[in-house]
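See below for the structure under consideration.
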Amino acid sequence: MRKSNCLAMILAGGKGSRLGVLTKDQAKPGLLFGGKYRIIDFPLSNCRHSGIGTVGILTQYQPLELNWYVGNGSSWDLDSDTGGTFVLPPYTSDAGTNWYRGTADAIYQNLNFVDMVGDDYVLILSGDHIYSMDYSKMLAFHKKHGAQVTIGTIRVPWDEASRFGIMVADDTMRINKFQEKPVKPESNLASMGIYIFNRSVLEKYLKADAKNEKSDHDFGKNVIPSMLADQVPLYAYPFEGYWKDVGTIESLWQANMDLIADDPPLDLSDQKWRIYSGNQNMPPHFIGPDGSAKSSLIAEGSAILGTVVNSVIFYDVIIEKGAKVVNSVIMPGTVIKANAVVDKAIIGERCIIHENVVVHNEDGSVAVLGRKETKRAAGKGRGSV
Amino acid sequence: MSSDIIGLVNLREDNPLRELNDRRPLATIPVGGKFRLIDFTLSNMVNAGIANVGLLLSPQSRSVLDHIRSGKEWGLARKGDGLFYMPEDLEDIQHPVEGDISSYYKNLLFVKRGNKRYVLLTGCDTVQNIDYDEVLHFHRHHNADATMIYQKQKYAFGREGYALIVDEQNRVIGIDAKPEIQAGENLYQRGIIIEGEVFQHCIRRAYAKGYTHLVTDVLKRNVDRLRIFGYNYQGYAKRIDSVNAYFQVNMDLLDMQVWRDLFFKDKQHHIYTKIKDEAPAKYMEEAHIHNSLVANGCIIEGHVENSILFRKVRVGKNAVIRNSIIMQRTVVGDDAQLDYVACDKNTVIQPEAVLSGTKENPLCIGKCSVI
């Protein structure tokens, strides 16, 4: 297959500390989403559909599950002989043993890989976002404008702009100012954490950044500002569409609920832009004689003998007779026993909610259970509600 | 060790089902919401560690090739081993020969080159999740030349088949071709583990003598000379040899026990099929669903009960589907009503259409029709 001449590097080492128990033993890009996906399925599927042949995945925090999941990339059709998927953890060398100290440092430590692949363009992605995006259009934009660096941006509501890294660009979309979480934003063009670099420029600035001991080795904080200071041509690519950072419990819950709407903002059934994922070999799901489902997503392999409303049910879940699941996300392998009620909650993998237990937070916040937790009825020991 | 088995699947002996497979062999009939019949045969083989599988193709094999392709989904895209497609000779297509002996004879080289101790001969007409490792264990334990798999029938099967007569040591002492299998009889299930050397020798001799059928001309004639044993498989297994049987197998899966037996019997025994990467099924606000199997990619706005929905079926608003099998990519329009219907794939049921069959005689709607 013809090579795209653009290498993708996915930053997948983040902990996602605001996700609490859900990322206790796995990296955020491995987080389950939408009934059958993991977050990293989105950038990987986007790469596949954008014609990118080689993908490097930089892992650091709790990488085991992510490594196992990604494998050789074949689930995303990214296992070609001319490219492929490469998991890149930190390593030791003559220079010593270094963890990735920041986003820029992670790429810096893999410049030998970037060089080995030899593509002229390097697309840097974060493994934290839910979106469908054609990177080839961004690359065409990059080439057309003769940019050295192009930053993927999206218009955000003005009152939220101070939460983002904001780009101030001229009419041609050339960036002349960057504001990190500004109190008074001069624009509402927020960085999506997606960059296309010409390889030579990337190498030059990463090498300089690595020598700077005062730097946090972060693209947004250090590398982009120093390029701007040197008047390197930086352009903002305006992306339009659904893009969601699922950095918190609340936003993860909301992003799942977004999928349930009759006319969802992100269409998972788009035949031209399928989101691929690791296959579980599950049979169709089973809805029992007394089971019912409304306004919900239900994946294969689950057995619904109770009631499901406004919820996202992953594969291999059992919801027993009389149990009720409302406004919730139930991850794989979990059992909700008879007459239990789960309302506005995210239940992690392989949990057991015992008979008659109610999982619900009175204050209206999202109730969360981590992996393999057990909830028993009051008075029956640990974990009672 | 099951990796010492070479598998040979005969797709040439199928009985056609009206409407459902006039354009495809039985092997690729959609069954159980997302599978094709051949998925069960192939999965059972790979689950037992069999890495060398030959498919004796029938002339109508486009859909088989399209479904299986490299065999990747079944773990059969291998270096050296893996899947081997065996099309029919032009001569045999022009002058069809009866029976299976000639097919086996013409592909003996595959068995010889495979260089495995045992050969597993199967067909592709049964829905089951059988552990061939256990069958092999039984075969070795009895020091058998051949082991035939059967099921003792609780009820009258009512259709034709081979009945095995076995003694107390499970040795097969007779094989009867019966027009109607009765309750208590041992129905042969089209699965034989046979010593490779014995198989090659028997097939060569039988072909030279002009024999046609392995079971009747070779095994039946030699029950005294060969050590043939019968393995009574006690799990769920149903042969699809009529539209009624087809309907029944699908409806059986609405029993959660059968569903779990077939698909969750053992964590290592998945039934594999072609991956489609569909989104999870989506139920809209107006959806009503009871007692059904639903595959990924479905979008349901209407009322569904006692039915099987394959991947990517759309059920429109106020549509009512009962006791039906709706195959992949079928669109059921708003306010349509279906009862005891099997809709083949890509069918379009127009809004407000009313279609019904009966339990004894379900209505079958052919592939890609617009009704």
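Order determines the names: the first chain of the structure tokens is A, the second B, and so forth; residues in each chain are numbered 1 upward, and ligands are numbered 1 upward as they are shown.
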Can you tell me, as number ranges by chain, which residues in stretch 35-278 of chain B count as strand (DSSP E or B) by DSSP? B: 35-36, 52-56, 82-86, 118-122, 126-128, 146-152, 161-166, 171-178, 186-195, 228-232, 237-239
Please provide as a PyMOL selection string all residues within 6 Å of stretch 263-272 of chain B, with the sequence filter that same-chain residues fewer than 4 positions apart are discarded (counting only C-alpha atoms). (chain A and resi 281) or (chain B and resi 43+47+74)
Resulting file, chosen residues, all heavy atoms, as an mmCIF file, in the first residue's frame:
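Saved file selection15.cif follows:
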data_model
loop_
_atom_site.group_PDB
_atom_site.id
_atom_site.type_symbol
_atom_site.label_atom_id
_atom_site.label_comp_id
_atom_site.auth_asym_id
_atom_site.auth_seq_id
_atom_site.Cartn_x
_atom_site.Cartn_y
_atom_site.Cartn_z
ATOM 1 N N ASN A 281 -15.880 -11.434 20.320
ATOM 2 C CA ASN A 281 -16.517 -12.699 19.932
ATOM 3 C C ASN A 281 -17.735 -13.039 20.785
ATOM 4 O O ASN A 281 -17.832 -14.129 21.344
ATOM 5 C CB ASN A 281 -15.517 -13.854 20.016
ATOM 6 C CG ASN A 281 -14.429 -13.694 19.012
ATOM 7 O OD1 ASN A 281 -14.689 -13.521 17.828
ATOM 8 N ND2 ASN A 281 -13.203 -13.692 19.462
ATOM 9 N N SER B 43 -15.331 -22.957 14.254
ATOM 10 C CA SER B 43 -14.961 -22.573 15.618
ATOM 11 C C SER B 43 -14.698 -23.797 16.481
ATOM 12 O O SER B 43 -13.737 -23.830 17.248
ATOM 13 C CB SER B 43 -16.066 -21.721 16.244
ATOM 14 O OG SER B 43 -16.276 -20.560 15.474
ATOM 15 N N ASN B 47 -11.180 -24.295 18.237
ATOM 16 C CA ASN B 47 -11.207 -24.362 19.700
ATOM 17 C C ASN B 47 -10.542 -25.627 20.216
ATOM 18 O O ASN B 47 -10.120 -25.688 21.361
ATOM 19 C CB ASN B 47 -12.648 -24.286 20.221
ATOM 20 C CG ASN B 47 -13.198 -22.876 20.150
ATOM 21 O OD1 ASN B 47 -12.440 -21.904 20.153
ATOM 22 N ND2 ASN B 47 -14.510 -22.749 20.082
ATOM 23 N N TRP B 74 -11.009 -16.720 12.473
ATOM 24 C CA TRP B 74 -11.040 -18.015 13.160
ATOM 25 C C TRP B 74 -9.626 -18.432 13.557
ATOM 26 O O TRP B 74 -9.405 -19.561 13.969
ATOM 27 C CB TRP B 74 -11.679 -19.072 12.254
ATOM 28 C CG TRP B 74 -13.105 -18.771 11.948
ATOM 29 C CD1 TRP B 74 -14.202 -19.260 12.611
ATOM 30 C CD2 TRP B 74 -13.607 -17.894 10.945
ATOM 31 N NE1 TRP B 74 -15.339 -18.724 12.075
ATOM 32 C CE2 TRP B 74 -15.012 -17.888 11.056
ATOM 33 C CE3 TRP B 74 -13.008 -17.089 9.974
ATOM 34 C CZ2 TRP B 74 -15.833 -17.113 10.225
ATOM 35 C CZ3 TRP B 74 -13.820 -16.323 9.150
ATOM 36 C CH2 TRP B 74 -15.212 -16.341 9.278
#
Would you pick out the contacts of B:Gly158 at 9 Å or less, using only C-alpha atoms, so that residues sharing its chain but fewer than 6 positions from it are not included, and give the list as a VMD selection string? chain B and resid 179 to 183
Residues within 9 Å of stretch 71-83 of chain A, please, as a PDB file with N, CA, C and O atoms, in the first residue's frame. Count only C-alpha atoms; anything in the same chain fewer than 5 positions from it doesn't count.
ATOM      1  N   MET A   1       0.846  -1.206   0.000  1.00  0.00           N
ATOM      2  CA  MET A   1       0.000   0.000   0.000  1.00  0.00           C
ATOM      3  C   MET A   1       0.874   1.246   0.000  1.00  0.00           C
ATOM      4  O   MET A   1       1.943   1.264   0.595  1.00  0.00           O
ATOM      5  N   ARG A   2       0.409   2.268  -0.665  1.00  0.00           N
ATOM      6  CA  ARG A   2       1.167   3.519  -0.741  1.00  0.00           C
ATOM      7  C   ARG A   2       1.255   4.144   0.641  1.00  0.00           C
ATOM      8  O   ARG A   2       0.302   4.194   1.395  1.00  0.00           O
ATOM      9  N   LYS A   3       2.435   4.637   0.985  1.00  0.00           N
ATOM     10  CA  LYS A   3       2.603   5.262   2.299  1.00  0.00           C
ATOM     11  C   LYS A   3       2.102   6.700   2.273  1.00  0.00           C
ATOM     12  O   LYS A   3       2.193   7.389   1.278  1.00  0.00           O
ATOM     13  N   ASP A  41      -9.631   3.735  20.578  1.00  0.00           N
ATOM     14  CA  ASP A  41     -10.229   3.305  19.307  1.00  0.00           C
ATOM     15  C   ASP A  41     -10.474   4.491  18.382  1.00  0.00           C
ATOM     16  O   ASP A  41     -10.432   4.351  17.155  1.00  0.00           O
ATOM     17  N   LEU A  44      -7.161   5.736  16.758  1.00  0.00           N
ATOM     18  CA  LEU A  44      -6.658   4.658  15.897  1.00  0.00           C
ATOM     19  C   LEU A  44      -7.535   4.489  14.657  1.00  0.00           C
ATOM     20  O   LEU A  44      -7.023   4.336  13.545  1.00  0.00           O
ATOM     21  N   SER A  45      -8.859   4.532  14.847  1.00  0.00           N
ATOM     22  CA  SER A  45      -9.753   4.404  13.691  1.00  0.00           C
ATOM     23  C   SER A  45      -9.600   5.603  12.770  1.00  0.00           C
ATOM     24  O   SER A  45      -9.607   5.454  11.539  1.00  0.00           O
ATOM     25  N   CYS A  47      -6.915   7.313  12.310  1.00  0.00           N
ATOM     26  CA  CYS A  47      -5.660   7.117  11.571  1.00  0.00           C
ATOM     27  C   CYS A  47      -5.890   6.192  10.382  1.00  0.00           C
ATOM     28  O   CYS A  47      -5.475   6.474   9.257  1.00  0.00           O
ATOM     29  N   ARG A  48      -6.557   5.077  10.648  1.00  0.00           N
ATOM     30  CA  ARG A  48      -6.815   4.100   9.594  1.00  0.00           C
ATOM     31  C   ARG A  48      -7.586   4.732   8.438  1.00  0.00           C
ATOM     32  O   ARG A  48      -7.231   4.565   7.271  1.00  0.00           O
ATOM     33  N   ILE A  52      -3.232   6.773   7.255  1.00  0.00           N
ATOM     34  CA  ILE A  52      -1.936   6.754   7.935  1.00  0.00           C
ATOM     35  C   ILE A  52      -1.500   5.313   8.137  1.00  0.00           C
ATOM     36  O   ILE A  52      -2.282   4.479   8.596  1.00  0.00           O
ATOM     37  N   GLY A  53      -0.243   5.024   7.762  1.00  0.00           N
ATOM     38  CA  GLY A  53       0.195   3.631   7.758  1.00  0.00           C
ATOM     39  C   GLY A  53       0.991   3.220   8.982  1.00  0.00           C
ATOM     40  O   GLY A  53       1.071   2.045   9.320  1.00  0.00           O
ATOM     41  N   THR A  54       1.614   4.196   9.650  1.00  0.00           N
ATOM     42  CA  THR A  54       2.455   3.852  10.795  1.00  0.00           C
ATOM     43  C   THR A  54       2.006   4.656  12.005  1.00  0.00           C
ATOM     44  O   THR A  54       1.845   5.876  11.923  1.00  0.00           O
ATOM     45  N   VAL A  55       1.809   3.962  13.117  1.00  0.00           N
ATOM     46  CA  VAL A  55       1.355   4.617  14.335  1.00  0.00           C
ATOM     47  C   VAL A  55       2.249   4.193  15.493  1.00  0.00           C
ATOM     48  O   VAL A  55       2.468   2.998  15.712  1.00  0.00           O
ATOM     49  N   LEU A  66      -3.424  -1.684  28.077  1.00  0.00           N
ATOM     50  CA  LEU A  66      -3.442  -0.987  26.793  1.00  0.00           C
ATOM     51  C   LEU A  66      -2.587  -1.737  25.767  1.00  0.00           C
ATOM     52  O   LEU A  66      -2.992  -1.931  24.620  1.00  0.00           O
ATOM     53  N   VAL A 117      11.300   5.620  10.833  1.00  0.00           N
ATOM     54  CA  VAL A 117      10.139   5.557   9.945  1.00  0.00           C
ATOM     55  C   VAL A 117      10.385   6.459   8.740  1.00  0.00           C
ATOM     56  O   VAL A 117      10.077   6.107   7.605  1.00  0.00           O
ATOM     57  N   ILE A 275     -15.949   3.142  13.685  1.00  0.00           N
ATOM     58  CA  ILE A 275     -14.979   3.103  14.769  1.00  0.00           C
ATOM     59  C   ILE A 275     -14.694   1.630  15.052  1.00  0.00           C
ATOM     60  O   ILE A 275     -15.570   0.864  15.434  1.00  0.00           O
ATOM     61  N   TYR A 276     -13.461   1.241  14.797  1.00  0.00           N
ATOM     62  CA  TYR A 276     -13.060  -0.150  15.002  1.00  0.00           C
ATOM     63  C   TYR A 276     -12.698  -0.366  16.464  1.00  0.00           C
ATOM     64  O   TYR A 276     -12.321   0.563  17.164  1.00  0.00           O
ATOM     65  N   SER A 277     -12.792  -1.602  16.895  1.00  0.00           N
ATOM     66  CA  SER A 277     -12.374  -1.888  18.261  1.00  0.00           C
ATOM     67  C   SER A 277     -11.946  -3.339  18.362  1.00  0.00           C
ATOM     68  O   SER A 277     -12.183  -4.127  17.448  1.00  0.00           O
ATOM     69  N   GLY A 278     -11.298  -3.679  19.459  1.00  0.00           N
ATOM     70  CA  GLY A 278     -10.895  -5.062  19.683  1.00  0.00           C
ATOM     71  C   GLY A 278     -12.141  -5.926  19.732  1.00  0.00           C
ATOM     72  O   GLY A 278     -13.132  -5.537  20.337  1.00  0.00           O
ATOM     73  N   ASN A 279     -12.091  -7.097  19.105  1.00  0.00           N
ATOM     74  CA  ASN A 279     -13.300  -7.909  19.005  1.00  0.00           C
ATOM     75  C   ASN A 279     -13.430  -8.857  20.195  1.00  0.00           C
ATOM     76  O   ASN A 279     -12.459  -9.412  20.662  1.00  0.00           O
TER      77      ASN A 279
END
Determine which residues of stretch 97-215 of chain B receive a DSSP assignment of alpha helix (DSSP H), computed from the backbone, and state them as a PyMOL selection string. chain B and resi 101-106+108-114+132-141+196-208
Using only C-alpha atoms, what does the table of chain A residues within 10 Å of chain B look like, with each row giving the shortest atom pair and its distance in Å to one decimal, sorted by chain and ascending number, as a Markdown table?
| residue | atom | partner | partner_atom | distance |
| --- | --- | --- | --- | --- |
| A:Gly34 | CA | B:Pro280 | CA | 8.0 |
| A:Gly35 | CA | B:Pro280 | CA | 6.1 |
| A:Lys36 | CA | B:Pro280 | CA | 6.8 |
| A:Tyr37 | CA | B:Ala279 | CA | 8.9 |
| A:Ser75 | CA | B:Asp277 | CA | 9.3 |
| A:Trp76 | CA | B:Asp277 | CA | 9.8 |
| A:Leu259 | CA | B:Lys282 | CA | 9.2 |
| A:Ile260 | CA | B:Lys282 | CA | 7.6 |
| A:Ala261 | CA | B:Met284 | CA | 7.9 |
| A:Asp262 | CA | B:Met284 | CA | 6.0 |
| A:Asp263 | CA | B:Met284 | CA | 9.6 |
| A:Asp267 | CA | B:Ala279 | CA | 9.3 |
| A:Leu268 | CA | B:Ala279 | CA | 5.8 |
| A:Ser269 | CA | B:Ala279 | CA | 5.8 |
| A:Asp270 | CA | B:Ala279 | CA | 9.1 |
| A:Gln271 | CA | B:Glu278 | CA | 8.7 |
| A:Arg274 | CA | B:Asp277 | CA | 7.0 |
| A:Ile275 | CA | B:Asp277 | CA | 7.1 |
| A:Tyr276 | CA | B:Asp277 | CA | 5.6 |
| A:Ser277 | CA | B:Asp277 | CA | 7.0 |
| A:Gly278 | CA | B:Asp277 | CA | 9.0 |
| A:Asn279 | CA | B:Ile275 | CA | 7.4 |
| A:Gln280 | CA | B:His270 | CA | 9.1 |
| A:Asn281 | CA | B:Tyr272 | CA | 5.9 |
| A:Met282 | CA | B:His270 | CA | 7.6 |
| A:Pro283 | CA | B:Phe263 | CA | 6.6 |
| A:Pro284 | CA | B:Ala295 | CA | 4.2 |
| A:His285 | CA | B:Val294 | CA | 5.4 |
| A:Phe286 | CA | B:Leu293 | CA | 4.7 |
| A:Ile287 | CA | B:Asn291 | CA | 5.1 |
| A:Gly288 | CA | B:Asn291 | CA | 4.4 |
| A:Pro289 | CA | B:Asn291 | CA | 4.3 |
| A:Asp290 | CA | B:His290 | CA | 6.5 |
| A:Gly291 | CA | B:His290 | CA | 5.8 |
| A:Ser292 | CA | B:Ile289 | CA | 5.4 |
| A:Ala293 | CA | B:Ile289 | CA | 6.4 |
| A:Lys294 | CA | B:Tyr283 | CA | 5.3 |
| A:Ser295 | CA | B:Met284 | CA | 4.5 |
| A:Ser296 | CA | B:Tyr283 | CA | 5.1 |
| A:Leu297 | CA | B:Lys282 | CA | 4.6 |
| A:Ile298 | CA | B:Ala281 | CA | 5.3 |
| A:Ala299 | CA | B:Pro280 | CA | 4.4 |
| A:Glu300 | CA | B:Ala295 | CA | 6.0 |
| A:Gly301 | CA | B:Phe263 | CA | 8.7 |
| A:Ser302 | CA | B:Val294 | CA | 9.9 |
| A:Ala303 | CA | B:Met256 | CA | 8.4 |
| A:Ile304 | CA | B:Asn291 | CA | 9.3 |
| A:Leu305 | CA | B:Asn291 | CA | 8.8 |
| A:Val308 | CA | B:Tyr283 | CA | 9.9 |
| A:Val309 | CA | B:Glu285 | CA | 8.8 |
| A:Asn310 | CA | B:Glu285 | CA | 8.6 |
| A:Ser311 | CA | B:Tyr283 | CA | 9.9 |
| A:Val312 | CA | B:Pro280 | CA | 9.0 |
| A:Ile313 | CA | B:Pro280 | CA | 8.7 |
| A:Phe314 | CA | B:Pro280 | CA | 8.2 |
| A:Tyr315 | CA | B:Pro280 | CA | 8.9 |
| A:Asp316 | CA | B:Phe264 | CA | 9.8 |
For B:Ile68, work out the shell of residues within 12 Å, counting only C-alpha atoms and skipping chain neighbours fewer than 4 positions away, then give it as a PyMOL selection string. chain B and resi 27-28+35-39+42-43+55+61-64+72-77+82-85+272-275
Tell me which protein, DNA and RNA residues are within 7 Å of stretch 356-360 of chain A, counting only C-alpha atoms, leaving out same-chain ones fewer than 3 positions away, and put them as a ChimeraX atom specification. /A:338-345,353,367,376-377
Output C-alpha atoms for every residue in the selection just made, as a short mmCIF file (atom, residue, chain, number, x, y, z; two decimals), in the first residue's frame.
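Wrote again-v7.cif, looks like this:
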data_model
loop_
_atom_site.label_atom_id
_atom_site.label_comp_id
_atom_site.auth_asym_id
_atom_site.auth_seq_id
_atom_site.Cartn_x
_atom_site.Cartn_y
_atom_site.Cartn_z
CA ALA A 338 -32.35 -9.26 41.05
CA ASN A 339 -34.27 -6.16 42.15
CA ALA A 340 -31.15 -3.99 42.48
CA VAL A 341 -31.43 -0.40 41.25
CA VAL A 342 -28.63 1.52 39.58
CA ASP A 343 -29.40 5.17 38.89
CA LYS A 344 -26.95 7.69 37.42
CA ALA A 345 -23.83 5.64 37.90
CA ILE A 353 -24.32 -5.43 42.62
CA ALA A 367 -21.97 7.31 41.50
CA ARG A 376 -24.01 -5.80 49.21
CA ALA A 377 -27.21 -4.89 50.96
#
Ranking B:Gly235, B:Gly302, B:Gly230, B:Gly7 by minimum distance to B:His142 and counting only C-alpha atoms, which one comes first? B:Gly230
Skipping near chain neighbours, those fewer than 5 positions away, what residues fall within 9 Å of B:Ile194 using only C-alpha atoms, listed as a ChimeraX atom specification? /B:117-121,139,144-148,199,228
Now that the selection is made, can you save its residues with N, CA and C atoms as a PDB file, in the first residue's frame?
ATOM      1  N   ARG B 117      -1.870 -37.451  12.454  1.00  0.00           N
ATOM      2  CA  ARG B 117      -2.264 -38.825  12.745  1.00  0.00           C
ATOM      3  C   ARG B 117      -3.760 -39.043  12.483  1.00  0.00           C
ATOM      4  N   TYR B 118      -4.593 -38.003  12.808  1.00  0.00           N
ATOM      5  CA  TYR B 118      -6.043 -38.191  12.712  1.00  0.00           C
ATOM      6  C   TYR B 118      -6.680 -37.265  11.672  1.00  0.00           C
ATOM      7  N   VAL B 119      -7.811 -37.706  11.157  1.00  0.00           N
ATOM      8  CA  VAL B 119      -8.604 -36.853  10.272  1.00  0.00           C
ATOM      9  C   VAL B 119      -9.968 -36.666  10.926  1.00  0.00           C
ATOM     10  N   LEU B 120     -10.437 -35.413  10.972  1.00  0.00           N
ATOM     11  CA  LEU B 120     -11.791 -35.145  11.449  1.00  0.00           C
ATOM     12  C   LEU B 120     -12.647 -34.801  10.237  1.00  0.00           C
ATOM     13  N   LEU B 121     -13.660 -35.613   9.992  1.00  0.00           N
ATOM     14  CA  LEU B 121     -14.558 -35.362   8.863  1.00  0.00           C
ATOM     15  C   LEU B 121     -15.857 -34.775   9.390  1.00  0.00           C
ATOM     16  N   HIS B 139     -11.685 -41.376  21.535  1.00  0.00           N
ATOM     17  CA  HIS B 139     -11.179 -42.168  20.407  1.00  0.00           C
ATOM     18  C   HIS B 139      -9.902 -42.924  20.806  1.00  0.00           C
ATOM     19  N   ALA B 144      -9.609 -46.720  18.945  1.00  0.00           N
ATOM     20  CA  ALA B 144     -10.516 -46.893  17.815  1.00  0.00           C
ATOM     21  C   ALA B 144      -9.827 -46.612  16.485  1.00  0.00           C
ATOM     22  N   ASP B 145     -10.361 -47.196  15.429  1.00  0.00           N
ATOM     23  CA  ASP B 145      -9.951 -46.815  14.071  1.00  0.00           C
ATOM     24  C   ASP B 145     -10.751 -45.585  13.653  1.00  0.00           C
ATOM     25  N   ALA B 146     -12.018 -45.584  14.047  1.00  0.00           N
ATOM     26  CA  ALA B 146     -12.871 -44.440  13.715  1.00  0.00           C
ATOM     27  C   ALA B 146     -13.866 -44.235  14.846  1.00  0.00           C
ATOM     28  N   THR B 147     -14.162 -42.951  15.150  1.00  0.00           N
ATOM     29  CA  THR B 147     -15.181 -42.634  16.150  1.00  0.00           C
ATOM     30  C   THR B 147     -16.250 -41.789  15.488  1.00  0.00           C
ATOM     31  N   MET B 148     -17.483 -42.276  15.556  1.00  0.00           N
ATOM     32  CA  MET B 148     -18.596 -41.539  14.941  1.00  0.00           C
ATOM     33  C   MET B 148     -19.378 -40.827  16.045  1.00  0.00           C
ATOM     34  N   PHE B 199      -8.010 -43.981   7.011  1.00  0.00           N
ATOM     35  CA  PHE B 199      -8.815 -43.178   6.094  1.00  0.00           C
ATOM     36  C   PHE B 199      -8.267 -43.266   4.670  1.00  0.00           C
ATOM     37  N   ILE B 228     -14.811 -49.399  15.169  1.00  0.00           N
ATOM     38  CA  ILE B 228     -15.578 -48.155  15.061  1.00  0.00           C
ATOM     39  C   ILE B 228     -16.347 -47.956  16.361  1.00  0.00           C
TER      40      ILE B 228
END
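Between atom CA of A:Tyr91 and atom CA of A:Asn110 the separation is 9.7 Å.
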In Å, with one decimal, what is the gap from atom CA of B:Lys345 to atom CA of B:Val315?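 For atom CA of B:Lys345 relative to atom CA of B:Val315, the distance reads 13.8 Å.
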Proximity to B:Asn170 - best of B:Ile192, B:Arg204, B:Leu17, B:Arg227, only C-alpha atoms: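 That would be B:Arg227, the residue with the smallest distance to B:Asn170.
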Can you measure atom CA of A:Val246 to atom CA of A:Asp258 for me? One decimal in Å is fine. 12.1 Å
